[in-house]
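Participant: Structure file target_14.cif (mmCIF, C-alpha atoms) is given on the next line.
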data_query
loop_
_atom_site.label_atom_id
_atom_site.label_comp_id
_atom_site.auth_asym_id
_atom_site.auth_seq_id
_atom_site.Cartn_x
_atom_site.Cartn_y
_atom_site.Cartn_z
CA MET A 995 0.00 0.00 0.00
CA ASN A 996 1.46 3.34 -1.06
CA GLU A 997 0.14 5.39 1.81
CA GLN A 998 1.33 8.75 0.55
CA ALA A 999 -0.30 8.24 -2.86
CA LEU A 1000 -3.56 7.22 -1.22
CA ILE A 1001 -3.47 10.28 1.04
CA THR A 1002 -2.85 12.56 -1.94
CA ASP A 1003 -5.74 10.97 -3.84
CA ALA A 1004 -7.99 11.27 -0.79
CA GLN A 1005 -7.04 14.94 -0.49
CA ASN A 1006 -8.27 15.33 -4.07
CA GLY A 1007 -11.65 13.92 -3.06
CA ASN A 1008 -11.04 10.30 -4.03
CA LEU A 1009 -13.23 8.39 -1.59
CA ASP A 1010 -12.04 4.97 -2.75
CA ALA A 1011 -8.46 5.90 -1.87
CA PHE A 1012 -9.59 7.08 1.55
CA ASN A 1013 -11.54 3.87 2.10
CA THR A 1014 -8.38 1.87 1.46
CA LEU A 1015 -6.77 3.82 4.31
CA VAL A 1016 -9.86 3.19 6.44
CA LEU A 1017 -9.58 -0.57 5.93
CA HIS A 1018 -5.91 -0.43 6.87
CA TYR A 1019 -6.35 1.58 10.07
CA GLN A 1020 -9.85 0.72 11.25
CA ASP A 1021 -8.73 -1.93 13.77
CA SER A 1022 -6.21 0.44 15.37
CA VAL A 1023 -8.74 3.26 15.47
CA PHE A 1024 -11.43 1.02 16.94
CA ASN A 1025 -9.07 -0.42 19.59
CA THR A 1026 -7.95 3.05 20.63
CA ALA A 1027 -11.54 4.21 20.95
CA LEU A 1028 -12.50 1.03 22.79
CA ARG A 1029 -9.75 1.42 25.39
CA ILE A 1030 -10.46 5.10 25.93
CA LEU A 1031 -14.25 4.71 26.12
CA GLY A 1032 -14.50 1.17 27.53
CA ASP A 1033 -17.67 0.49 25.54
CA GLU A 1034 -17.84 -1.24 22.17
CA ASP A 1035 -20.91 0.53 20.79
CA GLN A 1036 -19.59 3.93 21.73
CA ALA A 1037 -16.18 2.98 20.35
CA ALA A 1038 -17.75 1.98 17.04
CA ASP A 1039 -19.68 5.26 16.87
CA ALA A 1040 -16.57 7.27 17.74
CA SER A 1041 -14.53 5.39 15.11
CA GLN A 1042 -17.11 6.10 12.43
CA GLU A 1043 -17.24 9.76 13.42
CA ALA A 1044 -13.47 9.91 13.42
CA PHE A 1045 -13.23 8.60 9.85
CA ILE A 1046 -15.92 10.98 8.62
CA SER A 1047 -14.13 13.88 10.28
CA ALA A 1048 -10.78 12.67 8.91
CA PHE A 1049 -12.10 12.62 5.34
CA LYS A 1050 -13.60 16.07 5.65
CA ASN A 1051 -10.41 17.51 7.10
CA ILE A 1052 -7.82 15.49 5.24
CA SER A 1053 -6.68 18.59 3.38
CA SER A 1054 -5.29 19.83 6.72
CA PHE A 1055 -2.88 16.89 6.86
CA ARG A 1056 0.52 18.33 5.98
CA GLY A 1057 2.69 15.25 6.12
CA GLY A 1058 4.34 13.38 8.96
CA SER A 1059 2.78 10.36 10.59
CA PHE A 1060 -0.67 9.74 9.18
CA LYS A 1061 -1.40 7.34 12.01
CA ALA A 1062 -0.67 10.07 14.58
CA TRP A 1063 -2.93 12.47 12.69
CA LEU A 1064 -5.67 9.86 12.56
CA MET A 1065 -5.27 9.13 16.26
CA ARG A 1066 -5.76 12.80 17.04
CA THR A 1067 -9.05 12.64 15.15
CA VAL A 1068 -10.20 9.54 17.00
CA THR A 1069 -9.14 11.02 20.35
CA ASN A 1070 -11.25 14.10 19.65
CA ALA A 1071 -14.17 11.88 18.66
CA CYS A 1072 -13.77 9.96 21.94
CA TYR A 1073 -13.73 13.18 23.96
CA ASP A 1074 -16.93 14.27 22.18
CA GLU A 1075 -18.47 10.88 22.95
CA LEU A 1076 -17.51 11.17 26.63
CA ARG A 1077 -18.99 14.65 26.84
CA ARG A 1078 -22.20 13.33 25.25
CA LYS A 1079 -22.21 10.41 27.69
CA LYS A 1080 -21.84 12.80 30.62
CA ARG A 1081 -24.81 14.86 29.42
CA ARG A 1082 -27.01 11.81 28.74
CA PRO A 1083 -25.86 8.85 30.83
CA THR A 1084 -27.13 5.47 29.62
CA THR A 1085 -27.18 1.94 31.01
CA PRO A 1086 -25.23 -0.42 28.77
CA LEU A 1087 -26.99 -3.59 27.69
CA GLU A 1088 -24.63 -6.48 28.38
CA PRO A 1089 -25.38 -9.84 26.79
CA ASP A 1090 -26.61 -12.60 29.10
CA ASN A 1091 -24.73 -15.83 29.73
CA ASP A 1092 -26.30 -19.30 29.92
CA ASP A 1093 -27.56 -18.67 33.44
CA GLY A 1094 -29.35 -15.50 32.40
CA ASP A 1095 -26.82 -13.28 34.20
CA GLU A 1096 -25.11 -10.37 32.53
CA MET A 1097 -21.64 -11.14 31.24
CA ASP A 1098 -18.93 -8.82 32.47
CA SER A 1099 -16.82 -9.29 29.39
CA PRO A 1100 -18.78 -9.64 26.16
CA ARG A 1101 -17.50 -12.54 24.08
CA TRP A 1102 -19.29 -11.97 20.82
CA LEU A 1103 -16.12 -10.67 19.28
CA ALA A 1104 -14.01 -13.52 20.60
CA ASP A 1105 -11.15 -14.88 18.52
CA PRO A 1106 -12.40 -18.18 17.04
CA ASN A 1107 -8.84 -19.58 17.02
CA MET A 1108 -8.60 -19.59 20.82
CA THR A 1109 -9.63 -22.52 23.00
CA PRO A 1110 -12.36 -21.83 25.58
CA ALA A 1111 -9.74 -21.85 28.37
CA GLN A 1112 -7.52 -19.37 26.53
CA GLN A 1113 -10.53 -17.22 25.77
CA ALA A 1114 -11.57 -17.19 29.42
CA GLU A 1115 -8.04 -16.27 30.44
CA ALA A 1116 -7.88 -13.47 27.89
CA ASP A 1117 -11.25 -12.19 29.01
CA GLU A 1118 -10.10 -12.03 32.63
CA VAL A 1119 -6.96 -10.11 31.73
CA GLU A 1120 -8.85 -7.78 29.46
CA HIS A 1121 -11.46 -7.12 32.08
CA ALA A 1122 -8.85 -6.34 34.74
CA ILE A 1123 -6.83 -4.05 32.48
CA GLN A 1124 -9.88 -2.23 31.17
CA HIS A 1125 -11.07 -1.69 34.74
CA CYS A 1126 -7.72 -0.15 35.69
CA LEU A 1127 -7.64 1.94 32.50
CA ASP A 1128 -11.10 3.28 33.28
CA ASN A 1129 -9.85 4.44 36.68
CA LEU A 1130 -7.09 6.54 35.12
CA PRO A 1131 -7.58 10.24 34.43
CA LEU A 1132 -8.48 10.77 30.79
CA GLU A 1133 -5.22 12.47 29.82
CA PHE A 1134 -3.17 9.59 31.32
CA LYS A 1135 -5.38 6.98 29.71
CA THR A 1136 -5.04 8.53 26.26
CA VAL A 1137 -1.25 8.54 26.46
CA VAL A 1138 -0.94 5.00 27.78
CA VAL A 1139 -3.37 3.64 25.18
CA MET A 1140 -1.42 5.21 22.35
CA ALA A 1141 2.06 4.39 23.60
CA ASP A 1142 1.61 0.94 25.16
CA ILE A 1143 -1.43 -0.52 23.42
CA GLN A 1144 -1.00 1.02 19.97
CA GLY A 1145 2.80 0.97 20.13
CA MET A 1146 3.23 4.55 18.97
CA ASP A 1147 6.48 6.34 19.79
CA TYR A 1148 6.61 9.43 22.00
CA THR A 1149 6.80 11.85 19.09
CA GLU A 1150 3.73 10.37 17.44
CA VAL A 1151 1.79 10.54 20.69
CA ALA A 1152 2.87 14.15 21.19
CA VAL A 1153 1.63 14.99 17.68
CA ALA A 1154 -1.60 13.09 18.21
CA ILE A 1155 -2.64 14.83 21.41
CA ARG A 1156 -0.77 18.09 20.83
CA VAL A 1157 1.20 18.25 24.05
CA PRO A 1158 4.96 18.64 24.55
CA LEU A 1159 7.20 15.58 24.57
CA GLY A 1160 8.10 16.14 28.25
CA THR A 1161 4.43 15.98 29.21
CA ILE A 1162 4.06 12.69 27.33
CA LYS A 1163 7.01 11.19 29.27
CA SER A 1164 5.62 12.39 32.58
CA ARG A 1165 2.05 11.22 31.93
CA LEU A 1166 3.19 7.85 30.64
CA ALA A 1167 5.41 7.15 33.66
CA ARG A 1168 2.68 8.08 36.11
CA ALA A 1169 0.01 6.17 34.19
CA ARG A 1170 2.14 3.01 34.17
CA LEU A 1171 2.78 3.27 37.88
CA ARG A 1172 -0.91 3.74 38.65
CA LEU A 1173 -1.81 0.81 36.42
CA ARG A 1174 0.75 -1.37 38.17
CA GLU A 1175 -0.76 -0.50 41.55
CA CYS A 1176 -4.27 -1.14 40.27
CA LEU A 1177 -3.39 -4.46 38.64
CA GLN A 1178 -1.81 -5.74 41.83
CA GLY A 1179 -5.33 -5.74 43.22
CA PHE A 1180 -6.26 -8.29 40.55
CA ALA A 1181 -3.26 -10.54 41.26
CA GLU A 1182 -5.45 -13.42 42.50
CA LEU A 1183 -7.89 -13.09 39.64
CA LEU A 1184 -5.28 -13.09 36.92
CA PRO A 1185 -4.27 -16.43 35.44
CA ALA A 1186 -0.81 -17.71 36.48
CA SER A 1187 0.84 -16.75 33.23
CA TYR A 1188 -0.24 -13.13 33.68
CA ARG A 1189 0.34 -12.87 37.44
CA LEU A 1190 2.66 -10.21 38.81
CA ASP A 1191 5.07 -11.73 41.31
CA GLU A 1192 6.21 -10.16 44.57
CA GLY A 1193 9.21 -8.54 42.99
CA GLY A 1194 7.06 -6.78 40.45
CA ALA A 1195 8.25 -8.81 37.47
CA LEU A 1196 5.67 -10.43 35.30
CA SER A 1197 5.76 -14.22 35.30
CA ALA A 1198 4.85 -14.35 31.64
CA SER A 1199 7.73 -12.08 30.73
CA LYS A 1200 10.37 -14.21 32.34
CA MET H 1468 12.84 8.26 44.25
CA ASN H 1469 11.17 11.35 42.86
CA GLN H 1470 8.95 12.10 39.87
CA ARG H 1471 11.97 12.89 37.72
CA ASP H 1472 13.44 9.45 38.41
CA LEU H 1473 10.14 7.82 37.51
CA GLU H 1474 10.09 9.63 34.15
CA LEU H 1475 13.68 8.62 33.49
CA LEU H 1476 12.91 4.97 34.25
CA SER H 1477 9.86 4.99 31.96
CA ALA H 1478 11.81 6.61 29.12
CA TYR H 1479 14.70 4.18 29.70
CA LEU H 1480 12.24 1.30 29.37
CA ASP H 1481 11.14 2.62 25.97
CA GLY H 1482 14.71 3.31 24.81
CA GLN H 1483 14.07 7.07 24.72
CA LEU H 1484 17.19 8.12 26.68
CA THR H 1485 20.49 9.12 25.14
CA PRO H 1486 23.31 6.55 25.58
CA SER H 1487 24.99 8.69 28.23
CA ASP H 1488 21.76 9.15 30.21
CA SER H 1489 21.07 5.43 29.92
CA ALA H 1490 24.52 4.53 31.24
CA ARG H 1491 24.16 6.91 34.17
CA LEU H 1492 20.72 5.53 35.05
CA GLU H 1493 21.88 1.91 34.77
CA SER H 1494 24.63 2.53 37.29
CA ARG H 1495 22.06 4.03 39.68
CA ILE H 1496 19.63 1.11 39.14
CA ASN H 1497 22.40 -1.32 40.07
CA SER H 1498 23.09 0.53 43.29
CA GLU H 1499 19.57 1.65 44.32
CA TRP H 1500 17.05 -1.20 44.90
CA GLU H 1501 14.16 1.28 44.93
CA LEU H 1502 14.87 2.28 41.33
CA ALA H 1503 15.23 -1.35 40.29
CA SER H 1504 11.87 -2.20 41.87
CA ALA H 1505 10.14 0.75 40.21
CA LEU H 1506 11.61 -0.27 36.86
CA ASP H 1507 10.17 -3.75 37.31
CA ASP H 1508 6.76 -2.27 38.13
CA LEU H 1509 6.77 -0.12 35.02
CA ARG H 1510 7.93 -3.02 32.86
CA ALA H 1511 5.23 -5.30 34.27
CA ALA H 1512 2.50 -2.77 33.59
CA ARG H 1513 3.74 -2.18 30.06
CA THR H 1514 3.93 -5.90 29.33
CA LEU H 1515 0.38 -6.43 30.53
CA LEU H 1516 -0.89 -3.58 28.40
CA ARG H 1517 0.89 -5.01 25.37
CA LYS H 1518 -0.74 -8.37 26.05
CA LEU H 1519 -4.17 -6.83 25.88
CA PRO H 1520 -5.99 -8.67 23.08
CA LYS H 1521 -6.50 -6.65 19.92
CA ARG H 1522 -10.11 -6.47 18.94
CA ARG H 1523 -11.17 -6.47 15.35
CA ALA H 1524 -13.44 -3.67 14.24
CA PRO H 1525 -17.05 -4.91 14.56
CA ARG H 1526 -17.79 -3.65 11.06
CA ASN H 1527 -16.11 -1.84 8.21
CA PHE H 1528 -15.99 1.89 8.74
CA THR H 1529 -15.62 2.67 5.05
CA LEU H 1530 -17.46 5.77 3.97
CA THR H 1531 -20.08 6.20 1.29
CA ARG H 1532 -20.60 9.32 -0.78
CA LYS H 1533 -23.93 9.78 0.94
CA ILE H 1534 -22.30 9.74 4.40
CA VAL H 1535 -19.79 12.42 3.48
CA GLY H 1536 -22.33 14.40 1.45
CA GLN H 1537 -20.36 14.20 -1.77
CA ASN H 1538 -22.20 15.16 -4.98
CA PRO H 1539 -21.34 13.70 -8.38
CA PRO H 1540 -19.06 15.94 -10.48
CA LEU H 1541 -21.13 17.79 -13.06
CA PRO H 1542 -20.04 18.48 -16.67
CA ARG H 1543 -18.21 21.71 -17.37
CA ALA H 1544 -21.10 22.96 -19.50
CA TYR H 1545 -23.51 22.69 -16.57
CA PRO H 1546 -22.95 26.22 -15.18
CA ALA H 1547 -23.50 27.71 -18.65
CA PHE H 1548 -26.82 25.88 -18.97
CA ARG H 1549 -27.82 26.97 -15.50
CA PHE H 1550 -26.99 30.60 -16.28
CA ALA H 1551 -28.91 30.52 -19.59
CA THR H 1552 -31.94 28.92 -17.95
CA VAL H 1553 -32.06 31.42 -15.13
CA VAL H 1554 -31.65 34.40 -17.47
CA ALA H 1555 -34.29 33.07 -19.91
CA THR H 1556 -36.74 32.48 -17.05
CA LEU H 1557 -36.22 35.98 -15.68
CA LEU H 1558 -36.60 37.52 -19.14
CA PHE H 1559 -39.75 35.50 -19.75
CA PHE H 1560 -41.43 36.79 -16.61
CA PHE H 1561 -40.20 40.33 -17.22
CA THR H 1562 -41.51 40.34 -20.77
CA PHE H 1563 -44.81 38.77 -19.74
CA GLY H 1564 -45.28 41.34 -17.01
CA LEU H 1565 -44.37 44.23 -19.28
CA ASN H 1566 -46.85 43.14 -21.96
CA ALA H 1567 -49.59 42.63 -19.38
CA LEU H 1568 -49.12 46.22 -18.24
CA ALA H 1569 -49.06 47.56 -21.82
CA PRO H 1570 -52.74 48.81 -21.94
CA GLN H 1571 -52.41 50.69 -18.67
CA LEU H 1572 -49.12 52.19 -19.78
CA ALA H 1573 -50.63 53.25 -23.08
CA GLN H 1574 -53.54 54.95 -21.31
CA ALA H 1575 -51.29 56.64 -18.83
CA THR H 1576 -49.33 58.02 -21.77
CA SER H 1577 -52.51 59.30 -23.44
CA PHE H 1578 -53.61 61.05 -20.21
CA GLY H 1579 -50.34 62.83 -20.12
CA MET H 1580 -50.86 64.14 -23.66
CA GLY H 1581 -54.65 64.92 -23.53
CA GLY H 1582 -55.05 66.89 -20.32
CA GLY H 1583 -56.11 64.17 -17.85
CA ALA H 1584 -58.93 65.14 -15.52
CA PRO H 1585 -61.83 65.84 -17.90
CA GLU H 1586 -61.28 62.53 -19.68
CA ALA H 1587 -61.01 60.51 -16.51
CA PRO H 1588 -64.36 58.68 -16.93
CA GLU H 1589 -63.16 57.31 -20.30
CA LEU H 1590 -60.37 55.47 -18.57
CA PHE H 1591 -62.88 53.36 -16.68
CA SER H 1592 -65.23 52.93 -19.57
CA ALA H 1593 -62.63 50.70 -21.25
CA ALA H 1594 -63.41 47.86 -18.85
CA PRO H 1595 -66.84 46.23 -19.20
CA ALA H 1596 -67.46 46.13 -15.42
CA VAL H 1597 -67.14 49.88 -15.00
CA THR H 1598 -69.88 50.67 -17.54
CA GLU H 1599 -72.48 50.01 -14.87
CA PRO H 1600 -72.29 53.35 -13.04
CA PRO H 1601 -73.51 55.36 -16.08
CA ALA H 1602 -76.41 52.91 -16.52
CA LEU H 1603 -77.36 53.31 -12.88
CA ALA H 1604 -77.10 57.07 -13.21
CA GLN H 1605 -79.37 56.86 -16.21
CA ALA H 1606 -81.98 54.90 -14.22
CA ALA H 1607 -81.82 57.40 -11.37
CA ALA H 1608 -82.20 60.27 -13.79
CA THR H 1609 -85.23 58.62 -15.32
CA GLU H 1610 -86.87 58.09 -11.96
CA ALA H 1611 -86.75 61.74 -10.87
CA PRO H 1612 -88.83 63.18 -13.75
CA LEU H 1613 -91.15 60.23 -13.43
CA GLU H 1614 -92.05 61.22 -9.91
CA ALA H 1615 -92.49 64.86 -10.95
CA ALA H 1616 -94.76 63.85 -13.80
CA SER H 1617 -96.89 61.63 -11.64
CA ASP H 1618 -97.44 64.59 -9.30
CA LEU H 1619 -98.81 66.60 -12.24
CA ALA H 1620 -101.22 63.86 -13.27
CA PRO H 1621 -104.85 64.12 -12.01
CA GLN H 1622 -105.61 62.10 -8.89
CA GLY H 1623 -107.40 58.77 -9.41
CA THR H 1624 -106.33 58.46 -13.08
CA ALA H 1625 -103.59 55.94 -12.57
CA LEU H 1626 -101.94 54.95 -15.83
CA PRO H 1627 -100.10 51.69 -16.56
CA PRO H 1628 -96.32 52.00 -16.10
CA SER H 1629 -95.59 51.77 -19.83
CA GLU H 1630 -97.90 54.60 -20.69
CA GLU H 1631 -96.56 56.60 -17.81
CA SER H 1632 -93.03 56.28 -19.02
CA ALA H 1633 -94.16 57.13 -22.54
CA ARG H 1634 -95.62 60.28 -21.22
CA VAL H 1635 -92.53 61.09 -19.31
CA MET H 1636 -90.43 60.59 -22.44
CA ASP H 1637 -92.58 63.10 -24.23
CA THR H 1638 -91.40 65.93 -21.97
CA PRO H 1639 -88.51 68.02 -23.53
CA ALA H 1640 -86.24 67.63 -20.51
CA ALA H 1641 -86.58 63.87 -20.54
CA LYS H 1642 -85.96 63.78 -24.29
CA SER H 1643 -82.71 65.68 -24.04
CA GLU H 1644 -81.60 63.45 -21.13
CA ALA H 1645 -82.36 60.29 -23.06
CA VAL H 1646 -80.36 61.54 -26.02
CA GLY H 1647 -77.41 62.27 -23.70
CA ASN H 1648 -77.55 58.79 -22.19
CA ALA H 1649 -77.66 57.16 -25.60
CA ASP H 1650 -74.53 59.08 -26.62
CA GLU H 1651 -72.70 57.86 -23.54
CA LEU H 1652 -73.67 54.26 -24.24
CA ASN H 1653 -72.53 54.56 -27.83
CA GLN H 1654 -69.21 55.98 -26.71
CA THR H 1655 -68.72 53.11 -24.26
CA GLU H 1656 -69.43 50.53 -26.95
CA ILE H 1657 -67.02 52.19 -29.33
CA GLN H 1658 -64.30 52.19 -26.73
CA ASN H 1659 -64.99 48.53 -25.91
CA GLU H 1660 -64.63 47.60 -29.51
CA ALA H 1661 -61.39 49.58 -29.94
CA PRO H 1662 -58.32 47.36 -30.73
CA ARG H 1663 -56.08 46.45 -27.78
CA PRO H 1664 -52.71 48.24 -27.80
CA ALA H 1665 -49.87 46.23 -29.33
CA PRO H 1666 -47.55 44.45 -26.78
CA ILE H 1667 -44.37 46.33 -25.94
CA ILE H 1668 -42.20 43.31 -26.67
CA PRO H 1669 -43.27 41.02 -29.51
CA SER H 1670 -44.85 37.84 -28.22
CA VAL H 1671 -42.42 35.77 -30.26
CA TRP H 1672 -39.77 36.67 -27.69
CA LEU H 1673 -41.93 35.24 -24.95
CA THR H 1674 -42.00 31.96 -26.81
CA VAL H 1675 -38.25 32.06 -27.37
CA PHE H 1676 -37.53 32.69 -23.69
CA ALA H 1677 -39.95 29.98 -22.60
CA ILE H 1678 -38.36 27.46 -24.96
CA ILE H 1679 -34.84 28.32 -23.78
CA ALA H 1680 -35.88 28.01 -20.11
CA ILE H 1681 -37.65 24.68 -20.63
CA LEU H 1682 -34.85 23.19 -22.77
CA GLY H 1683 -32.22 24.41 -20.30
CA ALA H 1684 -34.07 22.78 -17.41
CA ILE H 1685 -34.39 19.52 -19.36
CA PHE H 1686 -30.68 19.50 -20.27
CA MET H 1687 -29.69 20.25 -16.68
CA ALA H 1688 -31.83 17.41 -15.36
CA ALA H 1689 -30.35 15.05 -17.96
CA MET H 1690 -26.79 16.09 -17.03
CA ARG H 1691 -27.43 15.53 -13.35
CA ARG H 1692 -28.97 12.14 -14.02
CA SER H 1693 -26.15 10.98 -16.28
CA SER H 1694 -23.53 12.22 -13.76
CA ALA H 1695 -25.29 10.35 -10.95
CA ASP H 1696 -25.41 7.18 -13.09
CA ARG H 1697 -21.71 7.42 -13.91
CA TRP H 1698 -20.94 8.12 -10.23
CA LYS H 1699 -22.50 4.80 -9.23
#
Take the structure in the file and give it back as structure tokens.
Facilitator:
Amino acid sequence: MNEQALITDAQNGNLDAFNTLVLHYQDSVFNTALRILGDEDQAADASQEAFISAFKNISSFRGGSFKAWLMRTVTNACYDELRRKKRRPTTPLEPDNDDGDEMDSPRWLADPNMTPAQQAEADEVEHAIQHCLDNLPLEFKTVVVMADIQGMDYTEVAVAIRVPLGTIKSRLARARLRLRECLQGFAELLPASYRLDEGGALSASK
Amino acid sequence: MNQRDLELLSAYLDGQLTPSDSARLESRINSEWELASALDDLRAARTLLRKLPKRRAPRNFTLTRKIVGQNPPLPRAYPAFRFATVVATLLFFFTFGLNALAPQLAQATSFGMGGGAPEAPELFSAAPAVTEPPALAQAAATEAPLEAASDLAPQGTALPPSEESARVMDTPAAKSEAVGNADELNQTEIQNEAPRPAPIIPSVWLTVFAIIAILGAIFMAAMRRSSADRWK
């Protein structure tokens, strides 16, 4: 995929070229929105809004990392979604399990290649991490999602959320420390391979 | 350990420090257990975050032209057709309006040349509806002498209405009045039969403008339709 050529075509109004970029980045955009908002429906709405806004404003893209530029758009869409949520709070409809109880971690998007045990393990980890992410202040959460979940470098994150590099470093360090403290509370719930040992090192990483 | 140390450890973990800063921090980590422990905490948190399963987008977020409000590109000739249609339509209505006002304009011009006020009644006599007032006046005029005549007639010798009116008509005053009324009626008829003034702009232009406007509208609709079809 020649990204620069597609961007140029999209800037000239070529919707097909832009849609090729959408297909390439939609998983990243959706995951970012999902981790910031913590709700799949809202994340899907924010992702769609972000792509619409990106197409309308693509002429303002002046080079550099397109992913960072796109992430700025999705971050803004998430902030709008959060503001809307604050004005009109809603009760999410969780799917029921076999016993008729609400499932904490929806599984309808589960990876079909995983065994049920692996899926359950992944769900537990995801639930614990998402819970800790939701407890972070929004500006910390945004930075940690981009840097650690999306794997963006500091410069890209700084471009995406328009703050100085030093602020990114500071927010990221504090967010990681808070997450570590929060996740220690889930030590017993986490499967053995994900458990944090006494010394702070992750068993799975050894 | 302060906030600055925490930031250094986090940046060190991501390889964001310069080689000299890294070397300096490594020597401190080896000597200070607190820094080593904090580094492990940060690394553990980062590893967990990286292990977070990646979700696939629940649907494709590709955009349609309808979503982004894009219209199909129109041919280059389209603005010219639009301009011609608008101008022809405006000219059509202007011409139509001007020709509709032609009789009034013509009369206004004749007032200006003939002295106006004395001829004012003639202006109204042109329209059939306004011929009624003279007729009513005539009836009123006829009734007044009739009453006077009936007063002169001997009491108890009531005559039939037709004979009465015949008698009234025999009086010289009534005769002269009747002649005057007949002249007025004749004048009104003559004016009614007079040819309408010619339109200011020949009616052929009206037809031309109407045809241009209609054809322009048809061509524009066809262009839009063909552009929309090609767009699909």
Participant: So which residues are close to (-8.1, 14.1, 10.6), meaning at most 9 Å away in the file's coordinates with only C-alpha atoms counted, and can you show them as a PyMOL selection string?
Facilitator: chain A and resi 1044-1055+1060+1063-1068
Participant: Could you list the residues chosen by the PyMOL selection byres ((chain A) within 7 of (chain H)) in this structure as a PyMOL selection string?
Facilitator: chain A and resi 1013+1016-1017+1020-1021+1024-1025+1042+1046+1120+1142-1143+1163-1164+1167+1170-1171+1173-1174+1193-1196
Participant: Give me, please, the distance in Å between atom CA of Phe1550 of chain H and atom CA of Met1687 of chain H, quoted to one decimal.
Facilitator: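 Rounded to one decimal, the two atoms are 10.7 Å apart.
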Participant: For Ala1181 of chain A, which of A:Asn1129, A:Ala1111, A:Ile1123, A:Val1139 is the closest residue, counting only C-alpha atoms?
Facilitator: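 Of A:Asn1129, A:Ala1111, A:Ile1123, A:Val1139, the one nearest Ala1181 of chain A, counting only C-alpha atoms, is A:Ile1123.
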Participant: Using Å and a single decimal, report how far atom CA of Phe1686 of chain H sits from atom CA of Asn1008 of chain A.
Facilitator: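 Between atom CA of Asn1008 of chain A and atom CA of Phe1686 of chain H the gap is 27.1 Å.
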Participant: My list of candidates is A:Ala1062, A:Leu1132, A:Ala1169, A:Cys1176. Which is closest to Ala1152 of chain A when distances are computed with only C-alpha atoms?
Facilitator: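 Result for the nearest residue to Ala1152 of chain A: A:Ala1062.
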Participant: With the PyMOL selection byres ((chain H and resi 1694) around 12) as the selection, what would be picked from this file? Answer as a PyMOL selection string, please.
Facilitator: chain H and resi 1538-1543+1545+1687-1693+1695-1699
Participant: Find the smallest box with edges along x, y and z containing every listed atom of segment 1006-1019 of chain A, then add 6 Å on each side and report centre and edge lengths in Å to one decimal, as AutoDock Vina command-line options.
Facilitator:
--center_x -9.6 --center_y 7.4 --center_z 3.0 --size_x 19.3 --size_y 27.9 --size_z 26.1
Participant: Rounded to one decimal place, report the atom CA of Leu1502 of chain H-atom CA of Ser1489 of chain H distance in Å.
Facilitator: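 Between atom CA of Leu1502 of chain H and atom CA of Ser1489 of chain H the gap works out to 13.4 Å.
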Participant: For the file shown, what are the residues hit by the PyMOL selection byres ((chain H and resi 1680) around 8), laid out as a list in words?
Facilitator: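 The output of the PyMOL selection byres ((chain H and resi 1680) around 8) on this file is Ala1551, Thr1552, Val1553, Ala1555, Thr1556, Phe1676, Ala1677, Ile1678, Ile1679, Ile1681, Leu1682, Gly1683 and Ala1684 of chain H.
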Participant: Keeping C-alpha atoms, export the residues of the selection given above as a PDB file, in the coordinates of the input.
Facilitator:
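Saved the output as result09.pdb:
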ATOM      1  CA  ALA H1551     -28.910  30.520 -19.590  1.00  0.00           C
ATOM      2  CA  THR H1552     -31.940  28.920 -17.950  1.00  0.00           C
ATOM      3  CA  VAL H1553     -32.060  31.420 -15.130  1.00  0.00           C
ATOM      4  CA  ALA H1555     -34.290  33.070 -19.910  1.00  0.00           C
ATOM      5  CA  THR H1556     -36.740  32.480 -17.050  1.00  0.00           C
ATOM      6  CA  PHE H1676     -37.530  32.690 -23.690  1.00  0.00           C
ATOM      7  CA  ALA H1677     -39.950  29.980 -22.600  1.00  0.00           C
ATOM      8  CA  ILE H1678     -38.360  27.460 -24.960  1.00  0.00           C
ATOM      9  CA  ILE H1679     -34.840  28.320 -23.780  1.00  0.00           C
ATOM     10  CA  ILE H1681     -37.650  24.680 -20.630  1.00  0.00           C
ATOM     11  CA  LEU H1682     -34.850  23.190 -22.770  1.00  0.00           C
ATOM     12  CA  GLY H1683     -32.220  24.410 -20.300  1.00  0.00           C
ATOM     13  CA  ALA H1684     -34.070  22.780 -17.410  1.00  0.00           C
TER      14      ALA H1684
END
